[in-house]
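The structure under discussion appears below in the form of C-alpha cells.
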Amino acid sequence: MSDHQQKPQSHHSPPATSGHINVFWDDGMLDHYTGEGVFDSGINPGFLEVLKKHLENSDRDQNMLSILKRGPISPFLSWLSSSAATVTEILSFHTQGGKMICSATFLNIGSWNAALLAAGTTLSVMKYILDGHGKICYALVRPPGHHAQPTQADGYCFLDNAGLAVQYALDSGCKRVAVIDIDVHYGNGTAEGFYRSDKVLTGGINELGEGAGFGFNLNVPLPNATGDIGYKCAMTEVVVPAVRKFDPNMMVFVVGQDSSAVSMSSFLNFYE
C-alpha cells in the first residue's frame with residue numbers, strides 16, 4: 001500500500017523507521033492448513049504414493065519470510081506485528097450470514113484464526129499509513145483475500161483483505177482509492193465489493209461498473225509469456241494514465257504470486 005496525498009489521522013501506531021519498508025506479519029497465519037490431494041481438490045484417490053500439497057500452502061510464506069529476513073533487502077525492512085480483525089471490521093465489507101465456500105477452498109482447524117489475522121494485518125497496515133507513520137508498507141498474509149466476495153469465500157480466500165483495507169481508508173476520509181492487482185487472476189471479490197462505487201478504481205475487462213461506479217473498473221489481461229516489455233507497456237500506457245486521471249488519495253497493491261515474472265517495479269518507477 002502506498003499513500004499519494006495527505007491522509008486523515010486514525011488510530012495510534014508505533015513510529016516508523018526512517019528509510020525502511022515496514023512489513024507486517026504474524027506467525028499465526030501459518031496455522032491455516034489446506035491439506036493434500038490431487039491438484040488442489042483435497043481428494044486422495046487411494047492409489048498414489050505421494051500426494052500434492054494444496055497450491056496455497058504455508059511453505060510459500062515461509063520461503064517469503066526467509067527471503068525477506070535473510071535476503072539482500074533485509075537491511076531495509078522493519079518488522080511489525082498486528083492483531084486479528086474484529087467482527088465489526090469484517091462487516092464493513094462482508095455481509096452477515098454469508099456461508100458459502102467454493103471448491104478447493106478448505107476451512108480447517110487454525111484456518112479461521114489465520115484468516116482473522118490476515119485481515120487484521122492488512123488493516124494494521126492501512127491504519128499505520130493513515131496515521132502518517134509510513135508511506136509504503138507490506139502486509140505479508142495468508143490466507144489470501146482478493147477473491148473473497150462480500151457474501152462468500154472464493155479462490156482460496158475467506159475474507160477480502162484488500163477490500164477491508166480499502167473500506168477502512170474510505171471510512172477514514174480518503175476520497176478515492178486505486179487498487180492495483182497484478183495477480184494472474186484478478187481480484188473479483190474486491191471488484192464486486194466496490195462495483196457501484198466511483199471512489200475505487202479496480203475490476204475486470206468486461207466489468208465496467210454500475211451506477212456511480214460505471215467506468216471505474218479496469219483490467220489489462222496479458223497472454224502467457226508476454227515478458228517484461230509487454231508488461232511495461234501495459235503498465236505505462238494503460239494503468240499509469242488511468243490511475244493518474246483517477247488521482248487517488250491511496251493506492252492498494254495486491255501482489256499475487258501466480259506469475260513470478262510480474263512485479264510492481266514498472267508501476268512504481270513510472271507513477272511519480
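By order in the C-alpha cells, chains are A, B, ...; within a chain, residues start at 1; ligands start at 1, following the order shown.
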
Note to self: According to DSSP computed on the backbone, where in range 22-96 of chain A is there strand (DSSP E or B)? Give the residues as a PyMOL selection string.
What the structure shows: chain A and resi 22-24+36-37+52-53+77-80

Next item on the list: Do a neighbour search on Glu56 in chain A at 9 Å with only C-alpha atoms, toss out local chain neighbours closer than 3 positions, and write the hits as a ChimeraX atom specification.
Entry: /A:34,40,53,59-60,142-144,156

Export of prior selection with N, CA and C atoms as a PDB file, in the first residue's frame:
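New file part.pdb:
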```
ATOM      1  N   THR A  34      -4.233 -26.369   4.410  1.00  0.00           N
ATOM      2  CA  THR A  34      -5.074 -26.547   3.229  1.00  0.00           C
ATOM      3  C   THR A  34      -5.095 -27.977   2.710  1.00  0.00           C
ATOM      4  N   ASP A  40      -5.565 -29.354  -6.368  1.00  0.00           N
ATOM      5  CA  ASP A  40      -5.981 -28.635  -5.164  1.00  0.00           C
ATOM      6  C   ASP A  40      -7.348 -29.111  -4.680  1.00  0.00           C
ATOM      7  N   LYS A  53       0.718 -31.130  -2.132  1.00  0.00           N
ATOM      8  CA  LYS A  53       0.177 -30.111  -1.242  1.00  0.00           C
ATOM      9  C   LYS A  53      -0.734 -29.182  -2.028  1.00  0.00           C
ATOM     10  N   ASP A  59       4.256 -23.348   2.993  1.00  0.00           N
ATOM     11  CA  ASP A  59       5.640 -23.356   2.519  1.00  0.00           C
ATOM     12  C   ASP A  59       5.986 -22.073   1.767  1.00  0.00           C
ATOM     13  N   ARG A  60       5.048 -21.597   0.973  1.00  0.00           N
ATOM     14  CA  ARG A  60       5.303 -20.379   0.195  1.00  0.00           C
ATOM     15  C   ARG A  60       5.618 -19.202   1.113  1.00  0.00           C
ATOM     16  N   ARG A 142      -1.589 -14.683   4.724  1.00  0.00           N
ATOM     17  CA  ARG A 142      -2.319 -15.839   4.222  1.00  0.00           C
ATOM     18  C   ARG A 142      -3.350 -16.214   5.290  1.00  0.00           C
ATOM     19  N   PRO A 143      -4.528 -16.703   4.885  1.00  0.00           N
ATOM     20  CA  PRO A 143      -4.971 -16.943   3.517  1.00  0.00           C
ATOM     21  C   PRO A 143      -5.039 -15.641   2.715  1.00  0.00           C
ATOM     22  N   PRO A 144      -4.946 -15.756   1.379  1.00  0.00           N
ATOM     23  CA  PRO A 144      -5.110 -14.568   0.539  1.00  0.00           C
ATOM     24  C   PRO A 144      -6.545 -14.070   0.640  1.00  0.00           C
ATOM     25  N   TYR A 156      -9.559 -19.809  -2.659  1.00  0.00           N
ATOM     26  CA  TYR A 156      -8.641 -19.964  -1.525  1.00  0.00           C
ATOM     27  C   TYR A 156      -8.748 -18.816  -0.528  1.00  0.00           C
TER      28      TYR A 156
END
```

Margin query: Set the distance at 7 Å and use only C-alpha atoms: which residues neighbour range 74-90 of chain A once local chain neighbours fewer than 2 positions away are removed? I'd like the list as number ranges by chain.
Written below: A: 17, 20-26, 68-72, 92-94, 116-117, 119-121, 124, 164

Checklist line | Near-Phe246 in chain A list (12 Å; only C-alpha atoms; drop same-chain fewer than 6 positions) as a ChimeraX atom specification | finding: /A:4,175-179,198-202,215-218,239-240

Generate a file of the selected residues that holds N, CA and C atoms, formatted as a short mmCIF file (atom, residue, chain, number, x, y, z; two decimals), in the first residue's frame.
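As written to disk, result.cif reads:
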```cif
data_model
loop_
_atom_site.label_atom_id
_atom_site.label_comp_id
_atom_site.auth_asym_id
_atom_site.auth_seq_id
_atom_site.Cartn_x
_atom_site.Cartn_y
_atom_site.Cartn_z
N HIS A 4 -0.55 8.68 -1.57
CA HIS A 4 -0.20 9.61 -2.64
C HIS A 4 -0.42 11.05 -2.21
N LYS A 175 -10.91 10.02 -0.20
CA LYS A 175 -11.96 10.24 -1.20
C LYS A 175 -11.89 9.23 -2.34
N ARG A 176 -10.67 8.80 -2.71
CA ARG A 176 -10.50 7.89 -3.84
C ARG A 176 -9.36 6.91 -3.54
N VAL A 177 -9.60 5.64 -3.83
CA VAL A 177 -8.59 4.61 -3.62
C VAL A 177 -8.44 3.79 -4.90
N ALA A 178 -7.21 3.63 -5.36
CA ALA A 178 -6.93 2.79 -6.52
C ALA A 178 -6.38 1.45 -6.05
N VAL A 179 -6.93 0.37 -6.59
CA VAL A 179 -6.45 -0.97 -6.28
C VAL A 179 -5.68 -1.50 -7.48
N ASP A 198 -17.79 4.98 -7.26
CA ASP A 198 -16.86 5.76 -8.08
C ASP A 198 -15.66 6.22 -7.25
N LYS A 199 -15.55 5.67 -6.03
CA LYS A 199 -14.44 6.03 -5.14
C LYS A 199 -13.29 5.04 -5.21
N VAL A 200 -13.52 3.91 -5.92
CA VAL A 200 -12.50 2.86 -6.00
C VAL A 200 -12.30 2.47 -7.45
N LEU A 201 -11.05 2.46 -7.88
CA LEU A 201 -10.71 2.06 -9.24
C LEU A 201 -10.15 0.64 -9.20
N THR A 202 -10.87 -0.32 -9.82
CA THR A 202 -10.46 -1.73 -9.84
C THR A 202 -11.27 -2.43 -10.91
N GLY A 215 -17.45 2.85 -15.29
CA GLY A 215 -16.20 3.40 -15.79
C GLY A 215 -15.05 3.34 -14.80
N PHE A 216 -15.30 2.79 -13.62
CA PHE A 216 -14.24 2.74 -12.60
C PHE A 216 -13.73 1.32 -12.38
N ASN A 217 -13.87 0.48 -13.40
CA ASN A 217 -13.29 -0.86 -13.39
C ASN A 217 -12.38 -0.99 -14.60
N LEU A 218 -11.18 -1.47 -14.40
CA LEU A 218 -10.20 -1.58 -15.48
C LEU A 218 -9.33 -2.82 -15.26
N VAL A 239 -2.32 1.49 -17.42
CA VAL A 239 -2.58 1.57 -15.99
C VAL A 239 -2.18 2.92 -15.40
N VAL A 240 -0.96 3.34 -15.67
CA VAL A 240 -0.47 4.60 -15.08
C VAL A 240 -1.33 5.80 -15.49
#
```

Margin query: Which residues are close to Ser58 in chain A, i.e. within 7 Å by only C-alpha atoms, leaving aside same-chain residues fewer than 3 positions away? Reply as a list in words.
Written below: Leu30, Asp61 and Gln62 of chain A

Next item on the list: Name the residues in contact with Thr151 in chain A at a cut-off of 9 Å, using only C-alpha atoms, excluding same-chain residues fewer than 4 positions from it; report them as an NGL selection string.
Entry: :A and (94-100)

Keeping only C-alpha atoms, write the selected residues to a file as a PDB file, in the first residue's frame.
```pdb
ATOM      1  CA  HIS A  94     -18.725  -8.557   4.150  1.00  0.00           C
ATOM      2  CA  THR A  95     -22.407  -9.245   4.743  1.00  0.00           C
ATOM      3  CA  GLN A  96     -23.603 -11.123   7.801  1.00  0.00           C
ATOM      4  CA  GLY A  97     -24.943 -14.568   7.015  1.00  0.00           C
ATOM      5  CA  GLY A  98     -22.795 -15.431   4.003  1.00  0.00           C
ATOM      6  CA  LYS A  99     -21.828 -19.093   4.452  1.00  0.00           C
ATOM      7  CA  MET A 100     -20.820 -20.315   1.004  1.00  0.00           C
TER       8      MET A 100
END
```
